[in-house]
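One structure below.
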Amino acid sequence: MLKINYNPSLYVFTCNIPSEIEISTDTASVYVTIACGPDTIFETTLYPYNNIAMLYDACSIIEGHMLDKQRVFANFVITADTKTEETTYAINTHHPPPQNPIQSRTHRHPPMDSQR
């Protein structure tokens, strides 16, 4: 048995991705990847305790990739794989673009003599 215990809605803001994603398995280890299109942006092997492997802070991984690529919308796939089973969840995310710093402007006032 292999199951990712997270079922996102069609579109998700990155802030709504849970900080912990449970992966239920009865195997000794689970290979987990997070991909955006053809690019694998994260991969690790997790070792379950009481048949639960935990993926922590997927939000930061996804947000970091979106910031690096300057994207506000992206499709991500979380895959959990053992030697006998594989399961996948797709996440369509939206991350607000970073705000530009306020640029200072020089205001020029007309000389006092011109106001007479």
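By convention in this document, the chains of the structure tokens carry letters A, B, ... by their order, each chain's residues are numbered from 1, and ligands are numbered from 1 in the order they are shown.
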
Distance query Val12 in chain A at most 12 Å, only C-alpha atoms, self and fewer than 2 positions along chain excluded, as a VMD selection string
chain A and resid 7 to 10 14 to 18 59 62 72 to 76 90 to 96

Limited to C-alpha atoms, could you put the picked residues into a file as an mmCIF file, in the first residue's frame?
data_model
loop_
_atom_site.group_PDB
_atom_site.id
_atom_site.type_symbol
_atom_site.label_atom_id
_atom_site.label_comp_id
_atom_site.auth_asym_id
_atom_site.auth_seq_id
_atom_site.Cartn_x
_atom_site.Cartn_y
_atom_site.Cartn_z
ATOM 1 C CA ASN A 7 -5.707 15.773 -2.028
ATOM 2 C CA PRO A 8 -5.411 19.356 -3.291
ATOM 3 C CA SER A 9 -8.210 21.187 -5.035
ATOM 4 C CA LEU A 10 -7.795 22.107 -8.694
ATOM 5 C CA THR A 14 1.288 28.071 -2.235
ATOM 6 C CA CYS A 15 0.483 29.311 1.268
ATOM 7 C CA ASN A 16 -2.266 26.653 1.441
ATOM 8 C CA ILE A 17 0.065 23.718 0.810
ATOM 9 C CA PRO A 18 0.328 21.930 4.166
ATOM 10 C CA CYS A 59 5.607 24.800 0.222
ATOM 11 C CA ILE A 62 7.773 24.993 -4.490
ATOM 12 C CA VAL A 72 3.293 33.220 -10.614
ATOM 13 C CA PHE A 73 1.592 30.008 -11.786
ATOM 14 C CA ALA A 74 2.994 26.503 -12.178
ATOM 15 C CA ASN A 75 2.029 22.833 -12.177
ATOM 16 C CA PHE A 76 3.866 20.587 -9.739
ATOM 17 C CA ALA A 90 -0.549 17.075 -9.188
ATOM 18 C CA ILE A 91 -0.657 20.549 -7.674
ATOM 19 C CA ASN A 92 -1.570 23.633 -9.703
ATOM 20 C CA THR A 93 -0.125 26.512 -7.717
ATOM 21 C CA HIS A 94 -0.346 30.272 -7.736
ATOM 22 C CA HIS A 95 2.226 32.384 -5.961
ATOM 23 C CA PRO A 96 1.840 36.171 -5.883
#

- So which residues touch Tyr56 in chain A within 6 Å, counting only C-alpha atoms, skipping near sequence neighbours fewer than 2 positions away, as a ChimeraX atom specification? /A:19-20,58

Any chance you can output those residues with C-alpha atoms as a PDB file, in the first residue's frame?
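The resulting file, again-v8.pdb, is reproduced below:
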ATOM      1  CA  SER A  19       3.629  22.039   6.032  1.00  0.00           C
ATOM      2  CA  GLU A  20       3.481  18.240   6.475  1.00  0.00           C
ATOM      3  CA  ALA A  58       6.975  21.254   0.380  1.00  0.00           C
TER       4      ALA A  58
END

*asked:* Residues near Pro48 in chain A, anyone? I mean within 12 Å using only C-alpha atoms, not counting same-chain ones fewer than 2 positions away, as a list in words.
replied: Leu2, Glu22, Ile23, Ser24, Thr25, Asp26, Thr27, Ala28, Ser29, Val30, Tyr31, Thr45, Leu46, Asn50, Asn51, Ile52, Ala53, Met54, Leu55 and Thr82 of chain A

Mind dumping the selected residues with all heavy atoms as a CSV table (one decimal), in the first residue's frame?
chain,number,residue,atom,x,y,z
A,2,LEU,N,0.6,2.2,-0.9
A,2,LEU,CA,1.3,3.4,-1.0
A,2,LEU,C,0.3,4.5,-1.3
A,2,LEU,O,-0.4,4.5,-2.2
A,2,LEU,CB,2.4,3.4,-2.1
A,2,LEU,CG,3.2,4.7,-2.3
A,2,LEU,CD1,4.0,5.0,-1.0
A,2,LEU,CD2,4.1,4.5,-3.4
A,22,GLU,N,1.7,13.6,4.6
A,22,GLU,CA,1.9,12.2,5.0
A,22,GLU,C,1.8,11.3,3.8
A,22,GLU,O,1.0,11.4,2.9
A,22,GLU,CB,0.7,11.8,6.0
A,22,GLU,CG,0.8,12.3,7.3
A,22,GLU,CD,-0.3,11.7,8.2
A,22,GLU,OE1,-1.0,10.8,7.8
A,22,GLU,OE2,-0.3,12.2,9.4
A,23,ILE,N,2.7,10.3,3.9
A,23,ILE,CA,2.8,9.3,2.8
A,23,ILE,C,2.6,7.9,3.6
A,23,ILE,O,3.5,7.6,4.3
A,23,ILE,CB,4.0,9.3,2.0
A,23,ILE,CG1,4.2,10.7,1.3
A,23,ILE,CG2,4.1,8.2,1.0
A,23,ILE,CD1,5.5,11.0,0.7
A,24,SER,N,1.5,7.2,3.3
A,24,SER,CA,1.3,5.9,4.0
A,24,SER,C,2.0,4.9,3.2
A,24,SER,O,1.8,4.8,1.9
A,24,SER,CB,-0.2,5.6,4.1
A,24,SER,OG,-0.8,6.7,4.9
A,25,THR,N,2.7,4.0,3.8
A,25,THR,CA,3.4,2.9,3.1
A,25,THR,C,3.7,1.7,4.0
A,25,THR,O,3.8,1.9,5.3
A,25,THR,CB,4.7,3.3,2.4
A,25,THR,OG1,5.2,2.3,1.7
A,25,THR,CG2,5.7,3.8,3.4
A,26,ASP,N,3.8,0.6,3.5
A,26,ASP,CA,4.2,-0.6,4.3
A,26,ASP,C,5.6,-1.1,3.9
A,26,ASP,O,5.9,-2.2,4.2
A,26,ASP,CB,3.1,-1.7,4.3
A,26,ASP,CG,2.8,-2.1,2.9
A,26,ASP,OD1,3.4,-1.6,1.9
A,26,ASP,OD2,2.0,-3.0,2.7
A,27,THR,N,6.3,-0.2,3.2
A,27,THR,CA,7.7,-0.6,2.8
A,27,THR,C,8.7,0.1,3.7
A,27,THR,O,8.4,0.9,4.5
A,27,THR,CB,7.9,-0.1,1.3
A,27,THR,OG1,7.8,1.3,1.3
A,27,THR,CG2,6.9,-0.8,0.4
A,28,ALA,N,10.0,-0.3,3.5
A,28,ALA,CA,11.0,0.2,4.4
A,28,ALA,C,11.4,1.6,4.0
A,28,ALA,O,11.9,2.4,4.9
A,28,ALA,CB,12.2,-0.7,4.3
A,29,SER,N,11.2,2.0,2.8
A,29,SER,CA,11.6,3.4,2.4
A,29,SER,C,10.7,3.8,1.2
A,29,SER,O,10.1,3.0,0.5
A,29,SER,CB,13.1,3.5,2.0
A,29,SER,OG,13.3,2.7,0.8
A,30,VAL,N,10.7,5.2,1.0
A,30,VAL,CA,9.9,5.7,-0.1
A,30,VAL,C,10.7,6.8,-0.8
A,30,VAL,O,11.3,7.7,-0.1
A,30,VAL,CB,8.6,6.4,0.4
A,30,VAL,CG1,7.8,7.0,-0.7
A,30,VAL,CG2,7.7,5.5,1.2
A,31,TYR,N,10.8,6.7,-2.1
A,31,TYR,CA,11.6,7.7,-2.9
A,31,TYR,C,10.6,8.8,-3.3
A,31,TYR,O,9.6,8.5,-4.0
A,31,TYR,CB,12.2,7.1,-4.1
A,31,TYR,CG,13.0,8.0,-4.9
A,31,TYR,CD1,14.2,8.6,-4.5
A,31,TYR,CD2,12.6,8.3,-6.2
A,31,TYR,CE1,14.9,9.5,-5.3
A,31,TYR,CE2,13.3,9.2,-7.0
A,31,TYR,CZ,14.4,9.8,-6.6
A,31,TYR,OH,15.1,10.6,-7.4
A,45,THR,N,14.9,10.3,-0.2
A,45,THR,CA,14.3,9.0,0.3
A,45,THR,C,13.9,9.2,1.7
A,45,THR,O,14.6,9.7,2.6
A,45,THR,CB,15.4,7.9,0.2
A,45,THR,OG1,15.8,7.8,-1.2
A,45,THR,CG2,14.9,6.6,0.7
A,46,LEU,N,12.6,8.9,2.0
A,46,LEU,CA,12.1,9.0,3.3
A,46,LEU,C,11.9,7.6,3.9
A,46,LEU,O,11.6,6.6,3.2
A,46,LEU,CB,10.7,9.6,3.3
A,46,LEU,CG,10.7,11.1,2.7
A,46,LEU,CD1,9.2,11.6,2.6
A,46,LEU,CD2,11.5,12.0,3.5
A,50,ASN,N,6.0,3.8,11.9
A,50,ASN,CA,4.6,3.3,12.0
A,50,ASN,C,3.8,3.5,10.7
A,50,ASN,O,2.7,3.9,10.6
A,50,ASN,CB,3.9,4.1,13.1
A,50,ASN,CG,4.4,3.7,14.5
A,50,ASN,OD1,4.9,2.6,14.7
A,50,ASN,ND2,4.2,4.6,15.4
A,51,ASN,N,4.5,3.1,9.6
A,51,ASN,CA,3.9,3.1,8.2
A,51,ASN,C,3.6,4.5,7.7
A,51,ASN,O,2.8,4.6,6.7
A,51,ASN,CB,2.7,2.2,8.1
A,51,ASN,CG,3.1,0.8,8.3
A,51,ASN,OD1,4.2,0.4,8.2
A,51,ASN,ND2,2.1,0.0,8.7
A,52,ILE,N,4.2,5.6,8.3
A,52,ILE,CA,3.9,6.9,7.8
A,52,ILE,C,5.3,7.6,7.5
A,52,ILE,O,6.1,7.7,8.5
A,52,ILE,CB,3.1,7.8,8.8
A,52,ILE,CG1,1.8,7.2,9.1
A,52,ILE,CG2,3.0,9.2,8.3
A,52,ILE,CD1,0.8,7.3,7.9
A,53,ALA,N,5.5,8.0,6.3
A,53,ALA,CA,6.7,8.9,6.0
A,53,ALA,C,6.2,10.3,5.8
A,53,ALA,O,5.1,10.5,5.3
A,53,ALA,CB,7.3,8.4,4.7
A,54,MET,N,6.9,11.2,6.3
A,54,MET,CA,6.5,12.6,6.3
A,54,MET,C,7.4,13.5,5.4
A,54,MET,O,8.6,13.4,5.5
A,54,MET,CB,6.6,13.2,7.7
A,54,MET,CG,5.7,12.6,8.7
A,54,MET,SD,3.9,12.8,8.4
A,54,MET,CE,3.7,14.5,8.9
A,55,LEU,N,6.7,14.2,4.5
A,55,LEU,CA,7.4,15.2,3.7
A,55,LEU,C,7.1,16.5,4.3
A,55,LEU,O,6.0,17.0,4.4
A,55,LEU,CB,6.8,15.1,2.2
A,55,LEU,CG,7.4,16.2,1.2
A,55,LEU,CD1,8.9,16.0,1.1
A,55,LEU,CD2,6.7,16.0,-0.1
A,82,THR,N,8.0,3.4,-4.4
A,82,THR,CA,8.8,2.3,-3.8
A,82,THR,C,9.2,1.3,-5.0
A,82,THR,O,8.8,1.6,-6.1
A,82,THR,CB,7.9,1.5,-2.8
A,82,THR,OG1,6.8,0.9,-3.5
A,82,THR,CG2,7.4,2.5,-1.7

**OP:** May I have all residues of range 16-93 of chain A that DSSP, computed from the backbone, assigns to helix (DSSP H, G or I), given as a list of chain:residue names?
**Re:** A:Asn16, A:Ala58, A:Cys59, A:Ser60, A:Ile61, A:Ile62, A:Glu63, A:Gly64, A:His65, A:Met66, A:Leu67, A:Asp68

In terms of only C-alpha atoms, the residue from A:Val77, A:Ile4, A:Leu67, A:Ile61 at minimal distance from Cys36 in chain A is A:Val77

(message) What's around Glu85 in chain A at 9 Å? Count only C-alpha atoms, leave out sequence neighbours fewer than 4 positions away in its own chain, and write the answer as number ranges by chain.
(response) A: 1-2, 80-81

Write to file, as a short mmCIF file (atom, residue, chain, number, x, y, z; two decimals), in the first residue's frame, the residues of the selection just made, with all heavy atoms.
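Result saved to part_22.cif:
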data_model
loop_
_atom_site.label_atom_id
_atom_site.label_comp_id
_atom_site.auth_asym_id
_atom_site.auth_seq_id
_atom_site.Cartn_x
_atom_site.Cartn_y
_atom_site.Cartn_z
N MET A 1 0.84 -1.17 0.00
CA MET A 1 0.00 0.00 0.00
C MET A 1 0.89 1.24 0.00
O MET A 1 1.82 1.37 0.77
CB MET A 1 -0.89 0.00 1.24
CG MET A 1 -1.59 1.32 1.45
SD MET A 1 -2.31 1.50 3.09
CE MET A 1 -0.87 1.81 4.06
N LEU A 2 0.58 2.18 -0.90
CA LEU A 2 1.29 3.44 -0.97
C LEU A 2 0.29 4.53 -1.27
O LEU A 2 -0.44 4.46 -2.25
CB LEU A 2 2.37 3.39 -2.06
CG LEU A 2 3.20 4.65 -2.25
CD1 LEU A 2 4.02 4.96 -1.01
CD2 LEU A 2 4.12 4.48 -3.44
N ALA A 80 5.56 9.64 -5.05
CA ALA A 80 6.12 8.74 -4.05
C ALA A 80 6.28 7.38 -4.72
O ALA A 80 5.35 6.89 -5.36
CB ALA A 80 5.21 8.64 -2.84
N ASP A 81 7.45 6.81 -4.60
CA ASP A 81 7.76 5.58 -5.34
C ASP A 81 8.49 4.60 -4.43
O ASP A 81 9.42 4.96 -3.72
CB ASP A 81 8.64 5.96 -6.54
CG ASP A 81 8.91 4.80 -7.47
OD1 ASP A 81 8.22 3.77 -7.38
OD2 ASP A 81 9.82 4.93 -8.30
#

*Residue among A:Lys3, A:Arg71, A:His65, A:Tyr11 lying closest to Asp39 in chain A, counting only C-alpha atoms*: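 Result for the nearest residue to Asp39 in chain A: A:His65.
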
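Rounded to one decimal, CA of Tyr49 in chain A and CA of Gly64 in chain A lie 28.2 Å from each other.
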